[in-house]
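Dropping protein_0.cif in here (mmCIF, C-alpha atoms):
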```cif
data_query
#
loop_
_atom_site.label_atom_id
_atom_site.label_comp_id
_atom_site.auth_asym_id
_atom_site.auth_seq_id
_atom_site.Cartn_x
_atom_site.Cartn_y
_atom_site.Cartn_z
CA MET O 1 -0.21 -14.13 15.34
CA GLU O 2 -0.86 -10.71 16.80
CA PHE O 3 -0.21 -7.31 15.25
CA ASP O 4 -1.23 -3.76 15.99
CA TYR O 5 -2.72 -3.18 12.54
CA ILE O 6 -3.96 -5.65 9.95
CA ILE O 7 -4.47 -4.25 6.45
CA VAL O 8 -6.52 -6.36 4.05
CA GLY O 9 -5.53 -5.63 0.47
CA ALA O 10 -2.11 -4.50 -0.77
CA GLY O 11 -3.41 -2.20 -3.48
CA SER O 12 -3.48 1.53 -4.09
CA ALA O 13 -4.52 2.26 -0.48
CA GLY O 14 -3.06 -0.73 1.33
CA CYS O 15 0.55 -0.19 0.29
CA VAL O 16 0.37 3.47 1.34
CA LEU O 17 -1.12 2.56 4.73
CA ALA O 18 1.48 -0.16 5.32
CA ARG O 19 4.30 2.29 4.70
CA ARG O 20 2.87 5.05 6.89
CA LEU O 21 1.80 2.86 9.81
CA SER O 22 5.11 0.98 9.93
CA GLU O 23 7.14 4.20 10.23
CA ASP O 24 6.94 3.72 13.98
CA PRO O 25 9.26 0.73 14.65
CA LYS O 26 7.18 -0.19 17.70
CA THR O 27 4.03 -0.64 15.58
CA ARG O 28 3.51 -4.14 14.18
CA VAL O 29 1.78 -4.18 10.78
CA LEU O 30 0.42 -7.12 8.79
CA LEU O 31 -0.39 -6.52 5.12
CA LEU O 32 -2.50 -9.24 3.47
CA GLU O 33 -2.78 -9.65 -0.29
CA ALA O 34 -4.91 -12.33 -1.95
CA GLY O 35 -2.78 -12.19 -5.10
CA ARG O 36 0.85 -12.95 -5.80
CA LYS O 37 4.03 -10.89 -5.79
CA ASP O 38 4.37 -8.38 -8.64
CA THR O 39 6.97 -10.39 -10.56
CA ASN O 40 5.03 -10.63 -13.82
CA PRO O 41 7.20 -8.67 -16.31
CA TRP O 42 4.13 -7.25 -18.10
CA ILE O 43 3.28 -5.32 -14.94
CA HIS O 44 6.41 -3.22 -15.18
CA ILE O 45 6.43 -2.46 -18.92
CA PRO O 46 3.94 0.41 -19.35
CA ALA O 47 2.22 -0.99 -22.45
CA GLY O 48 1.95 -4.32 -20.64
CA PHE O 49 -1.46 -3.21 -19.37
CA ILE O 50 -2.77 -4.68 -22.63
CA LYS O 51 -1.76 -8.07 -21.23
CA THR O 52 -2.54 -7.62 -17.53
CA LEU O 53 -6.08 -6.36 -18.08
CA SER O 54 -7.02 -9.85 -19.31
CA ASP O 55 -4.55 -11.99 -17.31
CA PRO O 56 -6.23 -14.09 -14.58
CA SER O 57 -2.90 -14.51 -12.75
CA VAL O 58 -2.89 -10.80 -11.75
CA ASN O 59 -6.51 -9.73 -12.35
CA TRP O 60 -9.74 -10.83 -10.67
CA LEU O 61 -11.45 -10.45 -14.07
CA TYR O 62 -14.76 -9.42 -12.54
CA GLU O 63 -17.74 -8.71 -14.78
CA THR O 64 -21.03 -6.92 -14.29
CA GLU O 65 -24.32 -8.72 -14.30
CA PRO O 66 -26.16 -8.42 -17.65
CA ASP O 67 -28.32 -5.30 -17.81
CA ALA O 68 -30.94 -4.31 -20.38
CA ARG O 69 -29.68 -0.70 -20.38
CA THR O 70 -26.35 -1.88 -21.79
CA ASN O 71 -27.82 -4.41 -24.22
CA ASN O 72 -27.63 -7.28 -21.70
CA ARG O 73 -23.88 -7.42 -21.98
CA THR O 74 -21.47 -8.35 -19.22
CA ILE O 75 -18.92 -5.54 -18.90
CA PRO O 76 -15.39 -6.23 -17.63
CA ILE O 77 -14.54 -4.78 -14.21
CA PRO O 78 -10.77 -5.35 -13.95
CA ARG O 79 -9.27 -5.35 -10.46
CA GLY O 80 -5.69 -6.14 -9.54
CA LYS O 81 -4.96 -9.46 -7.80
CA VAL O 82 -1.31 -8.78 -7.07
CA LEU O 83 0.90 -6.56 -4.91
CA GLY O 84 0.00 -3.02 -5.90
CA GLY O 85 -3.58 -4.05 -6.67
CA SER O 86 -5.16 -2.18 -9.55
CA SER O 87 -2.22 0.25 -9.63
CA SER O 88 -0.22 -2.71 -11.00
CA ILE O 89 -2.53 -3.33 -13.96
CA ASN O 90 -4.16 0.03 -14.76
CA GLY O 91 -3.41 2.54 -17.52
CA MET O 92 -1.07 4.66 -15.30
CA LEU O 93 -2.76 7.98 -16.05
CA TYR O 94 -2.14 10.53 -13.29
CA ILE O 95 -5.39 12.48 -13.00
CA ARG O 96 -6.90 14.06 -9.90
CA GLY O 97 -10.50 15.11 -9.36
CA GLN O 98 -11.73 18.62 -10.06
CA HIS O 99 -11.32 21.25 -7.35
CA ARG O 100 -15.07 21.73 -7.06
CA ASP O 101 -15.70 18.01 -6.54
CA TYR O 102 -13.62 18.01 -3.37
CA ASP O 103 -15.24 21.23 -2.17
CA ILE O 104 -18.70 19.70 -2.60
CA TRP O 105 -17.64 16.69 -0.52
CA ALA O 106 -16.65 19.11 2.25
CA GLN O 107 -19.97 20.95 1.93
CA TYR O 108 -21.78 17.65 2.46
CA GLY O 109 -20.15 17.49 5.88
CA ASN O 110 -16.94 15.59 5.09
CA LYS O 111 -14.61 17.86 7.03
CA GLY O 112 -11.06 17.85 5.72
CA TRP O 113 -11.97 16.91 2.13
CA SER O 114 -12.06 20.31 0.42
CA PHE O 115 -9.52 20.85 -2.35
CA ASP O 116 -7.45 23.15 -0.15
CA ASP O 117 -7.42 20.39 2.47
CA VAL O 118 -6.32 17.57 0.14
CA LEU O 119 -3.86 19.53 -2.04
CA PRO O 120 -0.99 19.35 0.51
CA TYR O 121 -1.33 15.56 0.53
CA PHE O 122 -1.29 15.35 -3.26
CA LYS O 123 1.89 17.42 -3.25
CA ARG O 124 3.43 15.41 -0.44
CA SER O 125 2.79 12.10 -2.25
CA GLU O 126 4.16 13.29 -5.58
CA ASN O 127 7.55 13.46 -7.21
CA GLN O 128 6.63 15.68 -10.14
CA GLU O 129 9.40 15.49 -12.76
CA ARG O 130 8.40 18.93 -14.09
CA GLY O 131 9.31 20.39 -10.72
CA GLU O 132 7.49 21.91 -7.76
CA ASP O 133 4.85 24.62 -8.11
CA THR O 134 1.57 25.70 -6.51
CA PHE O 135 -0.17 22.43 -7.42
CA HIS O 136 2.69 19.93 -7.48
CA GLY O 137 5.39 18.62 -5.20
CA THR O 138 8.73 16.89 -5.51
CA GLY O 139 10.46 14.32 -3.35
CA GLY O 140 7.33 12.26 -2.70
CA PRO O 141 7.14 8.46 -3.15
CA LEU O 142 5.02 8.43 -6.34
CA ASN O 143 6.81 9.47 -9.51
CA VAL O 144 4.85 11.52 -12.05
CA CYS O 145 6.27 12.12 -15.52
CA ASP O 146 5.31 13.29 -19.00
CA GLN O 147 4.51 10.97 -21.88
CA ASN O 148 7.62 9.75 -23.71
CA GLU O 149 5.98 10.81 -27.01
CA ARG O 150 4.60 14.36 -26.94
CA ASP O 151 4.93 15.16 -30.63
CA ASN O 152 2.56 12.66 -32.24
CA PRO O 153 0.89 14.43 -35.20
CA VAL O 154 -2.53 12.82 -34.63
CA CYS O 155 -2.47 13.67 -30.91
CA ASP O 156 -1.42 17.23 -31.67
CA ALA O 157 -4.28 17.47 -34.17
CA VAL O 158 -6.84 16.28 -31.60
CA ILE O 159 -5.72 19.00 -29.16
CA ALA O 160 -5.90 21.60 -31.95
CA ALA O 161 -9.30 20.32 -33.09
CA ALA O 162 -10.73 20.65 -29.58
CA GLU O 163 -9.25 24.14 -29.34
CA SER O 164 -10.95 25.09 -32.62
CA LEU O 165 -14.26 24.21 -30.95
CA GLY O 166 -13.56 26.50 -28.01
CA ILE O 167 -12.08 23.89 -25.65
CA PRO O 168 -8.69 25.19 -24.48
CA ALA O 169 -5.40 23.38 -24.74
CA ASN O 170 -4.32 22.40 -21.24
CA ASN O 171 -0.79 21.31 -20.43
CA ASP O 172 -1.69 20.40 -16.84
CA VAL O 173 -5.15 19.00 -16.08
CA ASN O 174 -4.01 18.61 -12.46
CA GLY O 175 -3.24 22.29 -12.10
CA ALA O 176 -5.30 25.45 -11.70
CA ASP O 177 -8.14 24.32 -14.00
CA GLN O 178 -8.96 20.89 -15.39
CA GLU O 179 -10.91 22.00 -18.48
CA GLY O 180 -9.16 21.42 -21.79
CA PHE O 181 -7.18 18.87 -23.83
CA GLY O 182 -3.52 17.97 -23.41
CA TYR O 183 -1.00 15.17 -23.14
CA CYS O 184 -1.41 12.90 -20.10
CA GLN O 185 1.05 12.54 -17.28
CA LEU O 186 1.84 9.06 -16.01
CA THR O 187 2.81 7.22 -12.83
CA VAL O 188 5.98 5.92 -14.46
CA ARG O 189 9.59 6.05 -13.29
CA ARG O 190 12.51 5.44 -15.61
CA SER O 191 10.20 3.91 -18.23
CA ARG O 192 8.72 1.42 -15.74
CA ARG O 193 5.31 1.41 -14.09
CA HIS O 194 5.42 3.07 -10.68
CA SER O 195 2.65 1.22 -8.85
CA THR O 196 1.99 1.76 -5.16
CA ALA O 197 3.89 -1.49 -4.55
CA ALA O 198 6.95 -0.02 -6.29
CA ALA O 199 6.52 3.49 -4.91
CA TYR O 200 5.45 2.86 -1.32
CA LEU O 201 6.05 -0.77 -0.38
CA ASP O 202 9.34 -1.80 -2.01
CA PRO O 203 11.45 0.94 -0.32
CA VAL O 204 10.34 -0.19 3.17
CA ARG O 205 10.21 -3.97 2.78
CA TYR O 206 13.27 -4.19 5.04
CA ARG O 207 11.31 -2.99 8.08
CA LYS O 208 11.17 -5.76 10.67
CA ASN O 209 7.83 -4.56 11.98
CA LEU O 210 6.15 -4.89 8.56
CA HIS O 211 4.97 -8.36 7.58
CA VAL O 212 3.61 -8.89 4.05
CA GLU O 213 1.63 -12.03 3.21
CA THR O 214 0.81 -12.77 -0.44
CA ASN O 215 -1.58 -15.48 -1.68
CA ALA O 216 -3.53 -14.79 1.51
CA GLN O 217 -7.28 -14.65 0.84
CA ALA O 218 -9.23 -12.95 3.64
CA THR O 219 -12.34 -14.99 4.46
CA ARG O 220 -13.79 -13.25 7.52
CA VAL O 221 -13.39 -10.27 9.83
CA LEU O 222 -13.21 -11.50 13.41
CA LEU O 223 -15.43 -9.56 15.81
CA ASP O 224 -15.65 -9.11 19.54
CA GLY O 225 -19.14 -7.69 19.86
CA LYS O 226 -19.14 -4.70 17.52
CA ARG O 227 -15.36 -4.38 17.43
CA ALA O 228 -13.14 -5.88 14.70
CA VAL O 229 -10.29 -7.71 16.43
CA GLY O 230 -8.71 -9.79 13.67
CA ILE O 231 -8.86 -11.50 10.30
CA GLU O 232 -9.31 -15.08 9.24
CA TYR O 233 -7.58 -15.82 5.94
CA SER O 234 -6.77 -18.77 3.72
CA LYS O 235 -3.12 -19.50 2.98
CA GLY O 236 -1.98 -22.63 1.17
CA GLY O 237 -5.35 -24.27 1.67
CA GLU O 238 -5.40 -23.72 5.43
CA LEU O 239 -7.22 -21.15 7.53
CA VAL O 240 -5.01 -18.78 9.51
CA THR O 241 -6.09 -16.37 12.24
CA ALA O 242 -4.38 -13.03 12.88
CA ARG O 243 -5.31 -10.66 15.72
CA ALA O 244 -5.15 -6.87 15.72
CA ALA O 245 -4.54 -4.95 18.95
CA ALA O 246 -5.40 -1.58 17.39
CA GLU O 247 -7.34 -1.77 14.12
CA VAL O 248 -8.39 -3.94 11.20
CA ILE O 249 -8.33 -1.90 7.99
CA LEU O 250 -10.17 -3.09 4.89
CA SER O 251 -8.57 -1.73 1.72
CA GLY O 252 -9.85 -4.26 -0.77
CA GLY O 253 -11.45 -1.57 -2.89
CA SER O 254 -15.02 -1.04 -4.02
CA VAL O 255 -15.52 -4.73 -4.89
CA ASN O 256 -13.70 -6.78 -2.28
CA SER O 257 -14.33 -4.71 0.85
CA PRO O 258 -18.16 -4.95 0.78
CA GLN O 259 -17.84 -8.61 -0.16
CA LEU O 260 -15.69 -9.32 2.90
CA LEU O 261 -18.00 -7.35 5.19
CA GLU O 262 -21.00 -9.40 4.08
CA LEU O 263 -19.09 -12.68 4.42
CA SER O 264 -18.34 -11.56 7.99
CA GLY O 265 -21.98 -11.02 8.86
CA ILE O 266 -21.96 -7.25 8.43
CA GLY O 267 -24.64 -6.03 6.03
CA ASP O 268 -28.30 -6.32 5.12
CA PRO O 269 -29.87 -8.95 7.44
CA GLU O 270 -32.22 -10.21 4.73
CA LEU O 271 -29.36 -10.82 2.30
CA LEU O 272 -27.12 -12.44 4.90
CA SER O 273 -29.89 -14.73 6.14
CA HIS O 274 -30.54 -15.85 2.56
CA PHE O 275 -26.99 -17.24 2.39
CA GLY O 276 -27.03 -18.69 5.90
CA ILE O 277 -24.56 -16.16 7.30
CA ASP O 278 -24.92 -15.30 10.99
CA ILE O 279 -25.74 -11.62 11.43
CA GLN O 280 -23.04 -9.88 13.47
CA HIS O 281 -23.98 -6.30 12.71
CA PRO O 282 -27.06 -5.26 10.68
CA LEU O 283 -25.91 -2.58 8.25
CA PRO O 284 -28.17 -2.38 5.18
CA GLY O 285 -25.97 0.13 3.36
CA VAL O 286 -23.11 -2.32 2.80
CA GLY O 287 -22.69 -2.95 -0.93
CA ASN O 288 -25.20 -0.30 -1.97
CA ASN O 289 -24.86 3.14 -3.58
CA LEU O 290 -22.24 1.95 -6.08
CA GLN O 291 -21.18 4.74 -8.43
CA ASP O 292 -19.07 3.96 -11.48
CA HIS O 293 -18.13 5.69 -14.73
CA TYR O 294 -19.40 4.43 -18.07
CA VAL O 295 -16.93 4.76 -20.94
CA THR O 296 -17.71 4.40 -24.64
CA ARG O 297 -15.21 4.01 -27.46
CA GLN O 298 -15.30 5.68 -30.86
CA THR O 299 -12.79 4.58 -33.47
CA TRP O 300 -11.62 6.00 -36.81
CA TRP O 301 -9.27 5.11 -39.60
CA VAL O 302 -6.06 7.13 -39.60
CA ARG O 303 -4.04 8.21 -42.63
CA ASN O 304 -0.80 10.11 -43.15
CA ALA O 305 0.44 9.29 -39.64
CA PRO O 306 1.76 6.27 -37.71
CA SER O 307 -0.68 4.23 -35.63
CA VAL O 308 0.16 1.91 -32.73
CA ASN O 309 -1.71 -0.77 -34.70
CA GLN O 310 1.03 -0.85 -37.34
CA ARG O 311 3.93 -0.13 -35.00
CA THR O 312 3.26 -3.36 -33.11
CA ARG O 313 3.42 -5.75 -36.06
CA GLY O 314 6.25 -7.66 -37.69
CA LEU O 315 9.57 -5.88 -38.09
CA ASN O 316 8.09 -2.67 -36.70
CA LEU O 317 7.45 -4.42 -33.38
CA ALA O 318 11.04 -5.67 -33.23
CA LYS O 319 12.22 -2.09 -33.70
CA GLU O 320 9.90 -0.87 -30.92
CA VAL O 321 11.16 -3.56 -28.53
CA LEU O 322 14.76 -2.49 -29.14
CA LYS O 323 13.80 1.16 -28.75
CA TYR O 324 12.22 0.45 -25.36
CA PHE O 325 15.00 -1.66 -23.90
CA TYR O 326 17.79 0.59 -25.16
CA LYS O 327 16.20 4.03 -24.81
CA GLY O 328 13.07 3.56 -22.69
CA GLU O 329 10.94 4.96 -25.51
CA GLY O 330 8.45 3.84 -28.16
CA VAL O 331 5.09 2.08 -28.02
CA LEU O 332 6.08 -0.17 -25.11
CA ALA O 333 6.48 2.96 -22.99
CA LEU O 334 2.98 4.22 -23.83
CA SER O 335 -0.03 4.12 -21.52
CA VAL O 336 -3.73 3.58 -22.08
CA ALA O 337 -4.09 7.10 -23.56
CA ASN O 338 -1.83 9.78 -24.99
CA VAL O 339 -4.22 12.70 -24.67
CA VAL O 340 -6.81 13.45 -22.03
CA GLY O 341 -9.52 16.07 -22.25
CA PHE O 342 -12.16 17.60 -19.99
CA ALA O 343 -15.18 19.38 -21.46
CA LYS O 344 -18.72 20.52 -20.71
CA VAL O 345 -21.35 18.83 -22.86
CA ARG O 346 -24.58 19.66 -21.00
CA GLU O 347 -25.93 23.19 -20.78
CA GLY O 348 -25.67 24.88 -17.42
CA VAL O 349 -22.86 22.82 -15.89
CA GLU O 350 -20.17 24.90 -14.21
CA THR O 351 -17.31 22.40 -14.56
CA PRO O 352 -16.50 19.68 -17.11
CA ASP O 353 -18.87 16.73 -16.99
CA VAL O 354 -17.08 14.47 -19.50
CA GLN O 355 -13.52 13.19 -19.61
CA PHE O 356 -12.03 12.08 -22.95
CA HIS O 357 -9.21 9.60 -23.52
CA MET O 358 -7.51 9.58 -26.90
CA THR O 359 -4.94 7.15 -28.25
CA PRO O 360 -3.60 6.53 -31.79
CA ALA O 361 -4.69 2.90 -31.60
CA SER O 362 -7.92 0.92 -31.99
CA PHE O 363 -9.03 -2.49 -30.79
CA ASP O 364 -10.65 -5.29 -32.76
CA ASN O 365 -11.48 -7.12 -29.50
CA THR O 366 -11.64 -4.64 -26.63
CA PRO O 367 -11.79 -7.09 -23.67
CA GLN O 368 -8.77 -8.97 -25.03
CA ARG O 369 -7.05 -5.74 -26.21
CA THR O 370 -6.46 -7.12 -29.72
CA LEU O 371 -5.38 -4.31 -32.03
CA GLU O 372 -6.98 -3.71 -35.42
CA THR O 373 -5.01 -4.56 -38.56
CA PHE O 374 -5.66 -1.14 -40.12
CA PRO O 375 -4.27 2.22 -38.87
CA GLY O 376 -6.72 3.45 -36.25
CA MET O 377 -7.36 5.83 -33.39
CA THR O 378 -9.79 5.89 -30.47
CA ILE O 379 -11.58 8.65 -28.60
CA ALA O 380 -13.33 7.44 -25.45
CA PRO O 381 -15.71 9.79 -23.57
CA CYS O 382 -16.57 9.06 -19.94
CA GLN O 383 -19.17 10.73 -17.74
CA LEU O 384 -17.53 12.21 -14.64
CA ARG O 385 -20.36 12.40 -12.11
CA PRO O 386 -22.92 9.66 -12.80
CA ASN O 387 -26.31 9.84 -11.10
CA SER O 388 -27.04 6.12 -11.56
CA ARG O 389 -26.57 3.99 -8.46
CA GLY O 390 -25.86 0.27 -8.29
CA SER O 391 -24.71 -2.42 -5.88
CA ILE O 392 -22.11 -5.09 -5.13
CA HIS O 393 -23.30 -8.08 -3.10
CA ILE O 394 -22.20 -11.63 -2.46
CA ARG O 395 -23.93 -14.32 -4.51
CA THR O 396 -22.86 -17.13 -2.16
CA ALA O 397 -21.19 -17.66 1.23
CA GLU O 398 -18.10 -19.01 -0.56
CA PRO O 399 -15.26 -16.45 -0.10
CA LEU O 400 -13.61 -17.24 -3.45
CA ALA O 401 -16.78 -16.74 -5.49
CA SER O 402 -17.11 -13.50 -7.45
CA PRO O 403 -19.70 -11.05 -6.10
CA ALA O 404 -22.66 -9.86 -8.16
CA ILE O 405 -21.75 -6.43 -9.55
CA ARG O 406 -24.70 -4.32 -10.75
CA PRO O 407 -23.61 -0.76 -11.59
CA ASN O 408 -26.95 0.09 -13.25
CA PHE O 409 -25.05 2.01 -15.91
CA LEU O 410 -27.22 4.58 -17.75
CA ASP O 411 -30.15 4.10 -15.38
CA ASP O 412 -30.50 7.87 -14.98
CA GLN O 413 -31.66 10.06 -17.88
CA VAL O 414 -28.94 12.65 -17.17
CA ASP O 415 -26.31 9.93 -17.53
CA ARG O 416 -27.72 8.91 -20.90
CA GLU O 417 -27.81 12.49 -22.13
CA THR O 418 -24.27 13.13 -20.92
CA ILE O 419 -22.66 10.11 -22.55
CA VAL O 420 -24.49 10.79 -25.83
CA GLY O 421 -23.32 14.41 -25.61
CA GLY O 422 -19.76 13.19 -25.10
CA MET O 423 -19.94 10.97 -28.16
CA MET O 424 -21.37 13.78 -30.26
CA LEU O 425 -18.55 16.07 -29.14
CA GLY O 426 -16.06 13.32 -30.03
CA ARG O 427 -17.47 13.36 -33.57
CA GLU O 428 -17.25 17.14 -33.72
CA ILE O 429 -13.60 16.99 -32.74
CA MET O 430 -12.88 14.41 -35.44
CA ASN O 431 -14.72 16.48 -38.06
CA ALA O 432 -12.91 19.72 -37.16
CA PRO O 433 -10.44 21.06 -39.80
CA PRO O 434 -7.22 20.18 -37.87
CA MET O 435 -8.17 16.49 -38.24
CA ASP O 436 -8.68 16.67 -42.03
CA PRO O 437 -5.16 15.44 -42.93
CA TYR O 438 -5.44 12.39 -40.65
CA ARG O 439 -9.06 11.31 -40.68
CA GLY O 440 -9.54 8.27 -42.90
CA GLU O 441 -12.41 8.15 -45.37
#
```

Mind converting the file's structure to structure tokens?
Amino acid sequence: MEFDYIIVGAGSAGCVLARRLSEDPKTRVLLLEAGRKDTNPWIHIPAGFIKTLSDPSVNWLYETEPDARTNNRTIPIPRGKVLGGSSSINGMLYIRGQHRDYDIWAQYGNKGWSFDDVLPYFKRSENQERGEDTFHGTGGPLNVCDQNERDNPVCDAVIAAAESLGIPANNDVNGADQEGFGYCQLTVRRSRRHSTAAAYLDPVRYRKNLHVETNAQATRVLLDGKRAVGIEYSKGGELVTARAAAEVILSGGSVNSPQLLELSGIGDPELLSHFGIDIQHPLPGVGNNLQDHYVTRQTWWVRNAPSVNQRTRGLNLAKEVLKYFYKGEGVLALSVANVVGFAKVREGVETPDVQFHMTPASFDNTPQRTLETFPGMTIAPCQLRPNSRGSIHIRTAEPLASPAIRPNFLDDQVDRETIVGGMMLGREIMNAPPMDPYRGE
């Protein structure tokens, strides 16, 4: 088979690329996805992320290597194994980076990546249900909407509590300034998840020049000297070869793309030789300089207000199911967080260095997303710009084996100070007077 472009990975980037590149009917595009079609019903129900984040049929279920800095635990690294990739299993929060972050990228020499440069593309991609303004667009493929519940008393109290500490209420963290607490916006359309598969791929599946292969595991990039000319992939137990006249594009994300490069002989010669892989292009940086965000969870009892924990049990759950299927509302329409907040916790920082996620729910078993039996709420701080650096490398020459993921969370002292500062601020918010009616003893 020969195409102009071969895209490996039908996730958040791959589906967008497939749509854009196939706009020219003379351009032949092959989109490869190792996972299945996005037919699992839990993908499309917003609260279904509780199921998909631990479902091996749609999730690679990667884990980090044990690390002494995180008490030798293995930490889940969920990644989508389905059309839409991680956009089909994530929490659906619509949150951009801070303006200054993009400007710093541009200052480092990445021309075209300042906030003024990327804003037109954000607007072009977006169908903002609130309407068009300076920072938002309408008519784009990706639907962005408000939470279906924006009057939860506990959520309102968290926003008020943060405001009492000098952190402003912010109705649009994707607008002029990201600092502050407010209700999240979601990538949801008509009460259903709007993944990149739904937003970008489904409307153009009729195109004759776009070929989508699912259950197609890429095993090797084919090279002609230093040029990528095709992909070898496994389909139904057999190896298939596809050639690219123009480009091979790897969009397998931070985990799968470096893994495929190393399997193809592109990477650190010492590592590749250790696994008996012929060196095609020595490139020591492959798999290194991994940067990831460390999130902690703080939970509290809740009183005098409904909690998702109770709304999803017994007769209450039956009522919520009916509410969702008849009105598109209720707990099944909720995302991973109701409220998001951005704040500065270290002295001297010019922009927020911690992001908070708040939900009126708490988990007894976080990896399995099992809810507590008592009314609970969670505040989860996350450091925005970690200094710690890690790696992702193959552990074997077998393409289906999971790579070794070593984020080195909390390796840097600044990271440790920041996450502790975020947790301390979370406690301050919970101890502020607006939370008094709802904070359990």

field: Residues selected by the PyMOL selection byres ((chain O and resi 273-281) around 12), written as a count of residues only
entry: 33

query: Once you count all atoms listed in the file, which residues end up no further than 12 Å from (-13.8, 13.9, -36.8) in the file's frame, shown as number ranges by chain?
result: O: 154, 157-158, 161-162, 165, 298-302, 377-379, 423-441

field: the PyMOL selection byres ((chain O and resi 238) around 12) resolved against shown file, as an MDAnalysis selection string
entry: chainID O and resid 215:219 232:237 239:241

What would the file look like if the residues just selected were written as an mmCIF file, keeping the file's coordinate frame with C-alpha atoms?
```
data_model
loop_
_atom_site.group_PDB
_atom_site.id
_atom_site.type_symbol
_atom_site.label_atom_id
_atom_site.label_comp_id
_atom_site.auth_asym_id
_atom_site.auth_seq_id
_atom_site.Cartn_x
_atom_site.Cartn_y
_atom_site.Cartn_z
ATOM 1 C CA ASN O 215 -1.580 -15.480 -1.680
ATOM 2 C CA ALA O 216 -3.530 -14.790 1.510
ATOM 3 C CA GLN O 217 -7.280 -14.650 0.840
ATOM 4 C CA ALA O 218 -9.230 -12.950 3.640
ATOM 5 C CA THR O 219 -12.340 -14.990 4.460
ATOM 6 C CA GLU O 232 -9.310 -15.080 9.240
ATOM 7 C CA TYR O 233 -7.580 -15.820 5.940
ATOM 8 C CA SER O 234 -6.770 -18.770 3.720
ATOM 9 C CA LYS O 235 -3.120 -19.500 2.980
ATOM 10 C CA GLY O 236 -1.980 -22.630 1.170
ATOM 11 C CA GLY O 237 -5.350 -24.270 1.670
ATOM 12 C CA LEU O 239 -7.220 -21.150 7.530
ATOM 13 C CA VAL O 240 -5.010 -18.780 9.510
ATOM 14 C CA THR O 241 -6.090 -16.370 12.240
#
```

task: Find, counting only C-alpha atoms, the residue in O:Arg190, O:Arg406, O:Lys26, O:His293 that gets nearest to Asn72 in chain O.
output: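 Of O:Arg190, O:Arg406, O:Lys26, O:His293, the one nearest Asn72 in chain O, counting only C-alpha atoms, is O:Arg406.
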
field: Selection near Gly287 in chain O, 7 Å with all atoms listed in the file, sequence-local residues under 6 positions removed, as a PyMOL selection string
entry: chain O and resi 258+391-393

Would you mind exporting C-alpha atoms of the selected residues as a PDB file, in the coordinates of the input?
```
ATOM      1  CA  PRO O 258     -18.160  -4.950   0.780  1.00  0.00           C
ATOM      2  CA  SER O 391     -24.710  -2.420  -5.880  1.00  0.00           C
ATOM      3  CA  ILE O 392     -22.110  -5.090  -5.130  1.00  0.00           C
ATOM      4  CA  HIS O 393     -23.300  -8.080  -3.100  1.00  0.00           C
TER       5      HIS O 393
END
```

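Using all atoms listed in the file, the residues found no farther than 10 Å from Ile43 in chain O, other than those of its own chain fewer than 3 positions away, are Asp38, Thr39, Asn40, Pro46, Ala47, Gly48, Phe49, Ile50, Lys51, Thr52, Leu53, Val58, Val82, Gly84, Ser87, Ser88, Ile89, Asn90, Arg192, Arg193, His194 and Ser195 of chain O.
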
field: Distance in Å - CA of Gly390 in chain O versus CA of Leu250 in chain O
entry: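 So the answer is 20.8 Å.
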
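Closest approach to Asp146 in chain O among O:Leu32, O:Ser388, O:Ser22, O:Val339 is made by O:Val339 (distances from only C-alpha atoms).
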
- request: Give the answer as one residue: which of O:Ile231, O:Asn309, O:Leu317, O:Ser402 has the shortest atom-to-atom distance to Asp364 in chain O, using all atoms listed in the file?
  value: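 Answer, going by the shortest atom-to-atom distance: O:Asn309.
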